[in-house]
Structure formats: C-alpha cells, structure tokens
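This is start02.cif. It holds mmCIF, C-alpha atoms.
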```cif
data_upload
#
loop_
_atom_site.label_atom_id
_atom_site.label_comp_id
_atom_site.auth_asym_id
_atom_site.auth_seq_id
_atom_site.Cartn_x
_atom_site.Cartn_y
_atom_site.Cartn_z
CA MET T 318 -24.55 22.20 38.55
CA LYS T 319 -27.05 19.37 39.10
CA LYS T 320 -29.11 20.59 36.13
CA ILE T 321 -26.02 20.55 33.87
CA PHE T 322 -25.14 17.03 35.04
CA ALA T 323 -28.68 15.83 34.39
CA LEU T 324 -28.63 17.40 30.91
CA LEU T 325 -25.33 15.67 30.07
CA CYS T 326 -26.72 12.31 31.22
CA SER T 327 -29.82 12.80 29.07
CA LEU T 328 -27.73 13.63 26.02
CA LEU T 329 -25.53 10.57 26.61
CA LEU T 330 -28.58 8.31 26.92
CA LEU T 331 -30.03 9.75 23.71
CA ALA T 332 -26.75 9.08 21.87
CA VAL T 333 -26.76 5.44 23.04
CA VAL T 334 -30.35 4.97 21.89
CA VAL T 335 -29.68 6.53 18.48
CA THR T 336 -26.55 4.43 18.01
CA GLY T 337 -28.43 1.27 18.94
CA CYS T 338 -31.22 2.02 16.47
CA GLY T 339 -28.73 2.75 13.73
CA SER T 340 -27.01 -0.62 14.15
CA SER T 341 -30.06 -2.67 13.16
CA GLY T 342 -30.86 -3.72 9.62
CA ASN T 343 -28.11 -3.68 7.00
CA LYS T 344 -24.62 -2.33 7.59
CA THR T 345 -25.42 1.07 6.14
CA GLY T 346 -28.93 1.45 7.49
CA ASP T 347 -29.82 2.60 3.97
CA PRO T 348 -32.30 0.37 2.07
CA GLY T 349 -30.86 1.76 -1.15
CA LYS T 350 -27.34 0.48 -0.40
CA LEU T 351 -25.82 -2.99 -0.14
CA VAL T 352 -22.40 -3.83 1.29
CA VAL T 353 -21.20 -7.15 -0.12
CA GLY T 354 -18.15 -9.04 1.13
CA ALA T 355 -16.08 -10.86 -1.49
CA THR T 356 -12.66 -12.18 -2.37
CA ALA T 357 -10.81 -10.25 -5.07
CA LYS T 358 -10.86 -12.57 -8.08
CA PRO T 359 -13.19 -13.27 -9.68
CA HIS T 360 -15.88 -12.28 -7.20
CA ALA T 361 -15.11 -8.59 -6.68
CA GLU T 362 -14.42 -8.23 -10.41
CA ILE T 363 -17.84 -9.68 -11.22
CA LEU T 364 -19.48 -7.41 -8.65
CA ASP T 365 -17.85 -4.41 -10.36
CA ILE T 366 -19.78 -5.34 -13.52
CA VAL T 367 -22.97 -5.40 -11.47
CA LYS T 368 -22.52 -1.92 -9.97
CA PRO T 369 -23.90 0.10 -12.89
CA LEU T 370 -26.77 -2.37 -13.34
CA LEU T 371 -27.85 -1.77 -9.75
CA GLU T 372 -27.39 1.98 -10.03
CA LYS T 373 -30.10 1.95 -12.68
CA GLU T 374 -32.33 0.29 -10.07
CA GLY T 375 -31.51 2.95 -7.48
CA ILE T 376 -29.21 0.73 -5.43
CA GLU T 377 -25.66 1.63 -4.43
CA LEU T 378 -23.33 -1.38 -4.24
CA GLU T 379 -20.27 -1.24 -1.97
CA ILE T 380 -17.78 -4.09 -2.34
CA GLU T 381 -15.74 -5.01 0.73
CA GLU T 382 -12.78 -7.19 -0.26
CA PHE T 383 -11.43 -9.88 2.06
CA THR T 384 -8.09 -11.64 1.65
CA ASP T 385 -9.11 -14.46 4.03
CA TYR T 386 -12.41 -16.05 3.03
CA VAL T 387 -12.79 -17.71 6.45
CA LEU T 388 -13.76 -14.29 7.84
CA ILE T 389 -16.55 -13.50 5.38
CA ASN T 390 -19.39 -15.66 6.72
CA PRO T 391 -18.81 -14.48 10.31
CA ALA T 392 -18.91 -10.88 9.05
CA LEU T 393 -22.30 -11.58 7.47
CA SER T 394 -23.63 -13.35 10.56
CA ASP T 395 -22.50 -10.41 12.70
CA LYS T 396 -24.23 -7.92 10.37
CA LYS T 397 -21.00 -6.19 9.42
CA ILE T 398 -21.95 -6.70 5.75
CA ASP T 399 -25.29 -7.24 4.01
CA ALA T 400 -24.38 -10.16 1.75
CA ASN T 401 -21.39 -12.12 0.54
CA PHE T 402 -20.16 -13.68 -2.68
CA PHE T 403 -17.20 -16.03 -2.41
CA GLN T 404 -18.31 -19.57 -1.59
CA HIS T 405 -19.89 -22.71 -3.00
CA ILE T 406 -22.91 -24.45 -1.49
CA PRO T 407 -21.09 -27.31 0.33
CA TYR T 408 -18.88 -24.72 2.10
CA LEU T 409 -21.97 -22.75 3.14
CA GLU T 410 -23.75 -25.86 4.43
CA ASP T 411 -20.67 -26.89 6.41
CA TYR T 412 -20.36 -23.39 7.93
CA ASN T 413 -24.02 -23.34 8.97
CA GLU T 414 -23.80 -26.76 10.58
CA LYS T 415 -20.61 -26.05 12.51
CA ASN T 416 -21.58 -22.55 13.66
CA ASN T 417 -25.31 -22.99 14.29
CA ALA T 418 -25.86 -20.33 11.63
CA ASN T 419 -28.68 -19.91 9.14
CA LEU T 420 -27.18 -18.14 6.14
CA VAL T 421 -28.92 -18.86 2.85
CA TRP T 422 -27.91 -18.71 -0.80
CA VAL T 423 -30.16 -16.85 -3.23
CA ALA T 424 -28.44 -17.15 -6.63
CA LYS T 425 -25.94 -19.42 -8.37
CA VAL T 426 -23.42 -17.37 -10.34
CA HIS T 427 -20.39 -19.36 -11.53
CA ASN T 428 -18.18 -22.40 -11.11
CA GLU T 429 -14.43 -22.23 -10.53
CA PRO T 430 -12.92 -25.59 -11.46
CA MET T 431 -10.09 -26.48 -9.05
CA GLY T 432 -6.69 -27.05 -10.60
CA VAL T 433 -3.51 -28.96 -9.83
CA TYR T 434 -0.36 -26.83 -10.19
CA SER T 435 3.37 -27.40 -10.02
CA THR T 436 6.63 -25.57 -10.61
CA LYS T 437 8.57 -28.83 -10.59
CA ILE T 438 6.78 -31.09 -13.07
CA ASP T 439 4.87 -30.59 -16.31
CA SER T 440 2.66 -33.67 -16.06
CA LEU T 441 1.24 -35.84 -13.31
CA ASP T 442 3.05 -38.76 -14.94
CA GLN T 443 6.27 -37.18 -13.63
CA LEU T 444 5.07 -37.06 -10.01
CA PRO T 445 7.60 -38.97 -7.86
CA ASP T 446 6.76 -41.48 -5.14
CA GLY T 447 6.37 -39.81 -1.76
CA ALA T 448 5.61 -36.42 -3.34
CA ALA T 449 4.38 -33.62 -1.06
CA ILE T 450 0.96 -32.28 -2.03
CA GLY T 451 -0.70 -29.12 -0.68
CA ILE T 452 -4.49 -28.87 -0.34
CA PRO T 453 -6.81 -26.37 1.44
CA ASN T 454 -7.30 -26.91 5.16
CA ASP T 455 -11.01 -26.09 5.40
CA ALA T 456 -13.35 -29.08 5.44
CA THR T 457 -15.21 -28.76 2.14
CA ASN T 458 -12.38 -27.42 -0.02
CA GLY T 459 -9.99 -29.97 1.46
CA GLY T 460 -12.44 -32.75 0.64
CA ARG T 461 -13.01 -31.28 -2.79
CA ALA T 462 -9.24 -31.26 -3.42
CA LEU T 463 -9.00 -34.92 -2.44
CA ASN T 464 -11.76 -35.68 -4.92
CA VAL T 465 -9.74 -33.85 -7.58
CA LEU T 466 -6.72 -36.04 -6.75
CA GLU T 467 -8.95 -39.09 -7.06
CA SER T 468 -10.22 -37.88 -10.45
CA ALA T 469 -6.59 -37.52 -11.50
CA GLY T 470 -5.98 -41.17 -10.60
CA LEU T 471 -3.51 -40.41 -7.80
CA ILE T 472 -5.51 -41.75 -4.84
CA LYS T 473 -8.73 -43.60 -4.12
CA LEU T 474 -11.21 -42.53 -1.44
CA LYS T 475 -13.54 -44.81 0.42
CA GLU T 476 -17.01 -45.02 -1.07
CA GLY T 477 -19.31 -42.20 0.04
CA ALA T 478 -16.54 -39.97 1.42
CA GLY T 479 -17.95 -37.03 -0.56
CA VAL T 480 -16.96 -33.38 -0.31
CA THR T 481 -16.05 -33.59 3.38
CA ALA T 482 -13.46 -36.33 2.80
CA THR T 483 -10.22 -36.17 4.80
CA ASP T 484 -6.90 -37.93 4.38
CA ALA T 485 -8.31 -40.62 6.73
CA ASP T 486 -10.70 -41.54 3.89
CA ILE T 487 -7.86 -42.43 1.50
CA VAL T 488 -7.99 -46.20 0.94
CA GLU T 489 -5.43 -46.39 -1.88
CA ASN T 490 -2.29 -44.26 -2.18
CA PRO T 491 0.03 -46.20 -4.49
CA LYS T 492 2.66 -43.44 -4.69
CA GLY T 493 2.72 -42.86 -0.94
CA LEU T 494 1.82 -39.20 -1.44
CA GLU T 495 2.20 -36.90 1.56
CA ILE T 496 -0.87 -34.70 1.96
CA GLN T 497 -0.22 -31.32 3.60
CA MET T 498 -3.18 -29.11 4.54
CA MET T 499 -2.78 -25.34 4.75
CA ASP T 500 -4.64 -22.08 4.35
CA ALA T 501 -6.01 -21.96 0.81
CA ALA T 502 -4.60 -18.48 0.15
CA MET T 503 -1.07 -19.73 0.93
CA LEU T 504 -1.07 -22.58 -1.59
CA PRO T 505 0.28 -20.59 -4.58
CA ARG T 506 3.31 -19.59 -2.49
CA ALA T 507 3.78 -23.18 -1.34
CA LEU T 508 4.45 -24.28 -4.93
CA ALA T 509 8.12 -23.40 -4.38
CA ASP T 510 8.39 -26.03 -1.66
CA LEU T 511 5.86 -28.72 -2.57
CA ASP T 512 5.63 -30.99 -5.59
CA ILE T 513 2.05 -30.08 -6.48
CA CYS T 514 -0.77 -28.04 -4.96
CA VAL T 515 -4.52 -28.22 -5.52
CA ILE T 516 -5.63 -24.59 -5.70
CA ASN T 517 -8.98 -22.83 -5.93
CA SER T 518 -9.25 -20.83 -9.14
CA ASN T 519 -9.76 -17.50 -7.35
CA TYR T 520 -6.42 -17.84 -5.54
CA ALA T 521 -4.73 -19.08 -8.69
CA LEU T 522 -5.95 -15.99 -10.56
CA GLU T 523 -4.78 -13.69 -7.75
CA ALA T 524 -1.31 -15.31 -8.04
CA ASN T 525 -1.30 -14.66 -11.82
CA LEU T 526 -1.75 -18.34 -12.60
CA ASN T 527 -4.00 -19.11 -15.54
CA PRO T 528 -6.08 -22.15 -14.53
CA VAL T 529 -6.52 -23.27 -18.13
CA GLU T 530 -2.92 -22.77 -19.27
CA ASP T 531 -0.90 -23.31 -16.09
CA SER T 532 -2.66 -26.18 -14.33
CA ILE T 533 -1.54 -29.73 -15.10
CA PHE T 534 -4.97 -31.15 -14.21
CA MET T 535 -8.39 -29.53 -13.79
CA GLU T 536 -11.53 -30.57 -12.01
CA PRO T 537 -14.40 -31.33 -14.43
CA LYS T 538 -16.29 -28.10 -15.18
CA ASP T 539 -19.67 -29.68 -14.38
CA SER T 540 -18.75 -30.10 -10.69
CA PRO T 541 -21.52 -29.26 -8.17
CA PHE T 542 -19.57 -26.37 -6.64
CA ALA T 543 -21.43 -23.33 -7.95
CA ASN T 544 -20.40 -20.09 -6.24
CA VAL T 545 -23.44 -18.35 -4.78
CA LEU T 546 -24.73 -15.05 -3.42
CA VAL T 547 -25.43 -15.48 0.30
CA VAL T 548 -27.49 -13.44 2.77
CA ARG T 549 -28.99 -13.77 6.22
CA GLU T 550 -32.28 -15.68 6.06
CA GLU T 551 -34.34 -12.68 7.17
CA ASP T 552 -32.99 -10.66 4.21
CA LYS T 553 -33.55 -13.15 1.39
CA ASP T 554 -36.83 -11.56 0.26
CA LYS T 555 -35.65 -7.95 0.37
CA GLU T 556 -36.13 -6.13 -2.91
CA SER T 557 -32.50 -4.95 -3.01
CA VAL T 558 -31.25 -8.52 -2.56
CA LYS T 559 -33.54 -9.79 -5.32
CA LYS T 560 -32.24 -7.11 -7.67
CA LEU T 561 -28.63 -7.99 -6.83
CA ALA T 562 -29.35 -11.66 -7.53
CA GLN T 563 -30.94 -10.79 -10.87
CA ALA T 564 -28.01 -8.59 -11.83
CA LEU T 565 -25.51 -11.37 -11.01
CA GLN T 566 -27.40 -13.65 -13.41
CA SER T 567 -27.67 -11.04 -16.16
CA PRO T 568 -26.47 -11.38 -19.77
CA GLU T 569 -23.82 -8.75 -18.98
CA VAL T 570 -22.29 -10.88 -16.23
CA LYS T 571 -22.44 -14.04 -18.34
CA ALA T 572 -20.65 -12.29 -21.21
CA PHE T 573 -18.02 -10.85 -18.84
CA ILE T 574 -17.26 -14.28 -17.37
CA GLU T 575 -16.99 -15.96 -20.75
CA GLU T 576 -14.85 -13.21 -22.26
CA ASN T 577 -12.44 -12.67 -19.37
CA TYR T 578 -11.70 -16.02 -17.76
CA ALA T 579 -11.32 -18.33 -20.75
CA GLY T 580 -12.78 -21.39 -19.05
CA SER T 581 -11.19 -20.97 -15.61
CA VAL T 582 -14.49 -19.49 -14.43
CA VAL T 583 -17.73 -20.64 -16.06
CA PRO T 584 -21.31 -19.32 -15.68
CA ALA T 585 -23.63 -21.45 -13.53
CA PHE T 586 -26.86 -19.95 -14.87
#
```
Output the structure of this file as structure tokens.
Amino acid sequence: MKKIFALLCSLLLLAVVVTGCGSSGNKTGDPGKLVVGATAKPHAEILDIVKPLLEKEGIELEIEEFTDYVLINPALSDKKIDANFFQHIPYLEDYNEKNNANLVWVAKVHNEPMGVYSTKIDSLDQLPDGAAIGIPNDATNGGRALNVLESAGLIKLKEGAGVTATDADIVENPKGLEIQMMDAAMLPRALADLDICVINSNYALEANLNPVEDSIFMEPKDSPFANVLVVREEDKDKESVKKLAQALQSPEVKAFIEENYAGSVVPAF
C-alpha cells in the first residue's frame, strides 16, 4: 500500500513539473505558432490577411479576438497570448506607466482617424447649447477625443494638455457642452441618447458605421496615433515576431487596407 501511495505521489509531482515547464515561453509552447490578441475590426481582419503569408514562413498564426480592449495588454503581460494588435503608441505608453509594465511595440501598421457621429444632427453647426457628448473613458483615447473636439472648434484645451487631456483641461466651452465618459465599445449604442459621440474607427466599423460617410467630423489622417504590433520586451527579437512584423507591413496588407476601408483606416508604413 505504501509503495502504491509513493508511486502516486511521484506521478503527481512529475505532472506538476511538466505543467510548469509547459507554461513558460509563448502561450502555445510552440516556436512555430503565435497567438495574437486583437479587436475584431480592422485588426483581426488585417491579421487574417497575414495568416497565409506566415504559413509560407512556417509559422501558424492564431487570432484571439477580444471585445474589450482593456483586457488585451494584461493578457499579454500575463503570457496568455504572444502578441497583440489593437492599440496606438500613446495608449501603450500610458498602460506601461500605470501598470509598471514593459510591453514594446515592434511595427507601425495603420492609423484609424477618430470620428464624430450623431443620429440627431447632420452637421456640427446644428449642435445645440448644452449638448451631451460621449467620449472614451480611458486616459489616452479620452484625451484624443477632446483634441478632436478642439480641432472641430467646439472647445479649447489649455496649452500642452496633449493626449492625456481631461475635461479639467477645457479652458473654453462656449456651448456649455456636457462631456460624458464611457467605455469606448458602448459609444455607438449611446448615439441614441446623446447628441454626438467621438468614436474610435474600429468600434464604428463594428457598429456598421462608415467613418468616411457617416461621421460629421474626422480627425486629421496624419495624427500620431499609429496602431502597432506589441510584444513583451523579451520577445521582440524572436524570429517569429520579426516575420509577423514584416508581414503586417507587406504590400498585401497595404493593398487590403486601401481597398477595403476607403480612408477610414490608412496604412502607417
């Protein structure tokens, strides 16, 4: 009986050791496979174009879609995925600073100009005094949205407020606009209740809004908010990561972006 018990304990210890070893490295433990976290549009769609390019290089690409982009960087930090593709550089820098993280970007892929949308008015000239305006509630996208409103001539921010501006940085608000911050993914639904919303292009596309045709104002396309491929710092020089970065900046991806998004998504390479 004692011998059987000892054997069972040995087998259990071996299973723990094997499991522990298998959890290091990338999510799959397979150097020929990459698991990339992304939001659906346009990021996962662009990654679908990349799949066959990587297959030719002997790399299997698995795309893990997230509906809430706030969860994607923690998933990468926790090694639940090998890379992610959903964010611009200011968002990444803000995440690293606030979470003592050290994620790094390795390739710029595209820009998604932010747009102002409404189901109540056709032009910003029609915006009433005291209008309710929805913007994203994360630091960098909220600040970016306020900069869009400033570009549209609706508010003025204090000098140097930058991409992390908040409503406390508004120094001029002639229409007495009411700024409401909420989860970015909820903004398209909030159009039924608010006068206008400033929405990221990926969420506009997911809600079947065409940023070029349906927005009543768009952020300049040369904004510094390139969406990037991000990895853990220790993985940035891996051959599979380099090949993924090259594929995301390939002529095939550039042509796909230009042909399918009609200016709502523009190449950044």
Within 10 Å of Ala509 (chain T) using all atoms listed in the file, minus same-chain residues under 6 positions, as a VMD selection string: chain T and resid 435 to 437
Which residues are close to Lys553 (chain T), i.e. within 12 Å by all atoms listed in the file, leaving aside same-chain residues fewer than 4 positions away? Reply as a compact mmCIF listing (two decimals) with C-alpha atoms, keeping the file's coordinate frame.
```txt
# COMPACT_ATOMS: atom_id res chain seq x y z
CA ASP T 399 -25.29 -7.24 4.01
CA ALA T 400 -24.38 -10.16 1.75
CA ASN T 419 -28.68 -19.91 9.14
CA LEU T 420 -27.18 -18.14 6.14
CA VAL T 421 -28.92 -18.86 2.85
CA TRP T 422 -27.91 -18.71 -0.80
CA VAL T 423 -30.16 -16.85 -3.23
CA ALA T 424 -28.44 -17.15 -6.63
CA LEU T 546 -24.73 -15.05 -3.42
CA VAL T 547 -25.43 -15.48 0.30
CA VAL T 548 -27.49 -13.44 2.77
CA ARG T 549 -28.99 -13.77 6.22
CA SER T 557 -32.50 -4.95 -3.01
CA VAL T 558 -31.25 -8.52 -2.56
CA LYS T 559 -33.54 -9.79 -5.32
CA LYS T 560 -32.24 -7.11 -7.67
CA LEU T 561 -28.63 -7.99 -6.83
CA ALA T 562 -29.35 -11.66 -7.53
```
Residues in the PyMOL selection byres ((chain T and resi 498) around 10), expressed as a ChimeraX atom specification: /T:450-455,459,483-484,495-497,499-501,504,514
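Interatomic distance, CA of Ile398 (chain T) to CA of Ile380 (chain T): 9.5 Å.
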Interatomic distance, CA of Glu429 (chain T) to CA of Val582 (chain T) (Å, one decimal):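 CA of Val582 (chain T) lies at a distance of 4.8 Å from CA of Glu429 (chain T).
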Interatomic distance, CA of Pro584 (chain T) to CA of Glu569 (chain T) (Å, one decimal):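 According to the coordinates, CA of Pro584 (chain T) and CA of Glu569 (chain T) are separated by 11.4 Å.
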Residue nearest Ile438 (chain T) - candidates T:Asn390, T:Asn490, T:Ser532, T:Asn519, atoms counted: all atoms listed in the file: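 Among the listed residues, T:Ser532 lies closest to Ile438 (chain T).
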Near Ala564 (chain T), counting only C-alpha atoms, which residues have an atom at most 8 Å away, once you skip same-chain residues fewer than 6 positions from it, shown as a PDB file with C-alpha atoms, in the frame of the given file?
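Okay, part_8.pdb is ready:
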```pdb
ATOM      1  CA  VAL T 367     -22.970  -5.400 -11.470  1.00  0.00           C
ATOM      2  CA  LEU T 370     -26.770  -2.370 -13.340  1.00  0.00           C
ATOM      3  CA  LEU T 371     -27.850  -1.770  -9.750  1.00  0.00           C
ATOM      4  CA  VAL T 570     -22.290 -10.880 -16.230  1.00  0.00           C
TER       5      VAL T 570
END
```
Using the chain letters and numbers from the file, which residues does the PyMOL selection byres ((chain T and resi 524) around 12) grab, as a PDB file with C-alpha atoms, in the coordinates of the input?
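Saved as expr.pdb:
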```pdb
ATOM      1  CA  ALA T 357     -10.810 -10.250  -5.070  1.00  0.00           C
ATOM      2  CA  LYS T 358     -10.860 -12.570  -8.080  1.00  0.00           C
ATOM      3  CA  TYR T 434      -0.360 -26.830 -10.190  1.00  0.00           C
ATOM      4  CA  ALA T 502      -4.600 -18.480   0.150  1.00  0.00           C
ATOM      5  CA  MET T 503      -1.070 -19.730   0.930  1.00  0.00           C
ATOM      6  CA  LEU T 504      -1.070 -22.580  -1.590  1.00  0.00           C
ATOM      7  CA  PRO T 505       0.280 -20.590  -4.580  1.00  0.00           C
ATOM      8  CA  ARG T 506       3.310 -19.590  -2.490  1.00  0.00           C
ATOM      9  CA  ALA T 507       3.780 -23.180  -1.340  1.00  0.00           C
ATOM     10  CA  LEU T 508       4.450 -24.280  -4.930  1.00  0.00           C
ATOM     11  CA  ILE T 516      -5.630 -24.590  -5.700  1.00  0.00           C
ATOM     12  CA  ASN T 517      -8.980 -22.830  -5.930  1.00  0.00           C
ATOM     13  CA  SER T 518      -9.250 -20.830  -9.140  1.00  0.00           C
ATOM     14  CA  ASN T 519      -9.760 -17.500  -7.350  1.00  0.00           C
ATOM     15  CA  TYR T 520      -6.420 -17.840  -5.540  1.00  0.00           C
ATOM     16  CA  ALA T 521      -4.730 -19.080  -8.690  1.00  0.00           C
ATOM     17  CA  LEU T 522      -5.950 -15.990 -10.560  1.00  0.00           C
ATOM     18  CA  GLU T 523      -4.780 -13.690  -7.750  1.00  0.00           C
ATOM     19  CA  ASN T 525      -1.300 -14.660 -11.820  1.00  0.00           C
ATOM     20  CA  LEU T 526      -1.750 -18.340 -12.600  1.00  0.00           C
ATOM     21  CA  ASN T 527      -4.000 -19.110 -15.540  1.00  0.00           C
ATOM     22  CA  PRO T 528      -6.080 -22.150 -14.530  1.00  0.00           C
ATOM     23  CA  ASP T 531      -0.900 -23.310 -16.090  1.00  0.00           C
TER      24      ASP T 531
END
```
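Minimum atom-to-atom distances from T:Ala543, T:Ala456, T:Val353, T:Leu463 to Glu414 (chain T) were compared using all atoms listed in the file, and the lowest value belongs to T:Ala456.
Once the PyMOL selection byres ((chain T and resi 405) around 9) is applied to the shown structure, the selection contains Phe403, Gln404, Ile406, Pro407, Tyr408, Leu409, Glu410, Lys425, Asn428, Pro541, Phe542, Ala543, Asn544 and Val545 of chain T.
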Create the file for the chosen residues now, containing C-alpha atoms and written as an mmCIF file, keeping the file's coordinate frame.
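again22.cif written:
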```cif
data_model
loop_
_atom_site.group_PDB
_atom_site.id
_atom_site.type_symbol
_atom_site.label_atom_id
_atom_site.label_comp_id
_atom_site.auth_asym_id
_atom_site.auth_seq_id
_atom_site.Cartn_x
_atom_site.Cartn_y
_atom_site.Cartn_z
ATOM 1 C CA PHE T 403 -17.200 -16.030 -2.410
ATOM 2 C CA GLN T 404 -18.310 -19.570 -1.590
ATOM 3 C CA ILE T 406 -22.910 -24.450 -1.490
ATOM 4 C CA PRO T 407 -21.090 -27.310 0.330
ATOM 5 C CA TYR T 408 -18.880 -24.720 2.100
ATOM 6 C CA LEU T 409 -21.970 -22.750 3.140
ATOM 7 C CA GLU T 410 -23.750 -25.860 4.430
ATOM 8 C CA LYS T 425 -25.940 -19.420 -8.370
ATOM 9 C CA ASN T 428 -18.180 -22.400 -11.110
ATOM 10 C CA PRO T 541 -21.520 -29.260 -8.170
ATOM 11 C CA PHE T 542 -19.570 -26.370 -6.640
ATOM 12 C CA ALA T 543 -21.430 -23.330 -7.950
ATOM 13 C CA ASN T 544 -20.400 -20.090 -6.240
ATOM 14 C CA VAL T 545 -23.440 -18.350 -4.780
#
```
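With all atoms listed in the file as the atoms that count, the minimum distance from Asn413 (chain T) to the choices T:Ser394, T:Lys475, T:Gln566, T:Gly375 is reached by T:Ser394.
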Minimum-distance residue to Tyr578 (chain T), chosen among T:Pro391, T:Pro348, T:Gly447, T:Pro430 (using only C-alpha atoms): T:Pro430
Surrounding residues of Pro491 (chain T) excluding itself and chain neighbours under 2 positions, 10 Å, only C-alpha atoms, as a count of residues only: 10
Could you make a table, as a Markdown table, of the residues of region 426-451 of chain T that have an atom within 9 Å of an atom of region 465-468 of chain T, each with its nearest atom pair and distance in Å to one decimal, counting all atoms listed in the file, in chain and number order?
```
| residue | atom | partner | partner_atom | distance |
| --- | --- | --- | --- | --- |
| T:Met431 | CA | T:Val465 | CA | 7.5 |
| T:Gly432 | CA | T:Val465 | CA | 8.0 |
| T:Val433 | CA | T:Val465 | CA | 8.2 |
```
Nearest-residue call for Leu444 (chain T), choices T:Asp512, T:Arg461, T:Tyr412, T:Ser581, using only C-alpha atoms: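 Of all the options, T:Asp512 lies closest to Leu444 (chain T).
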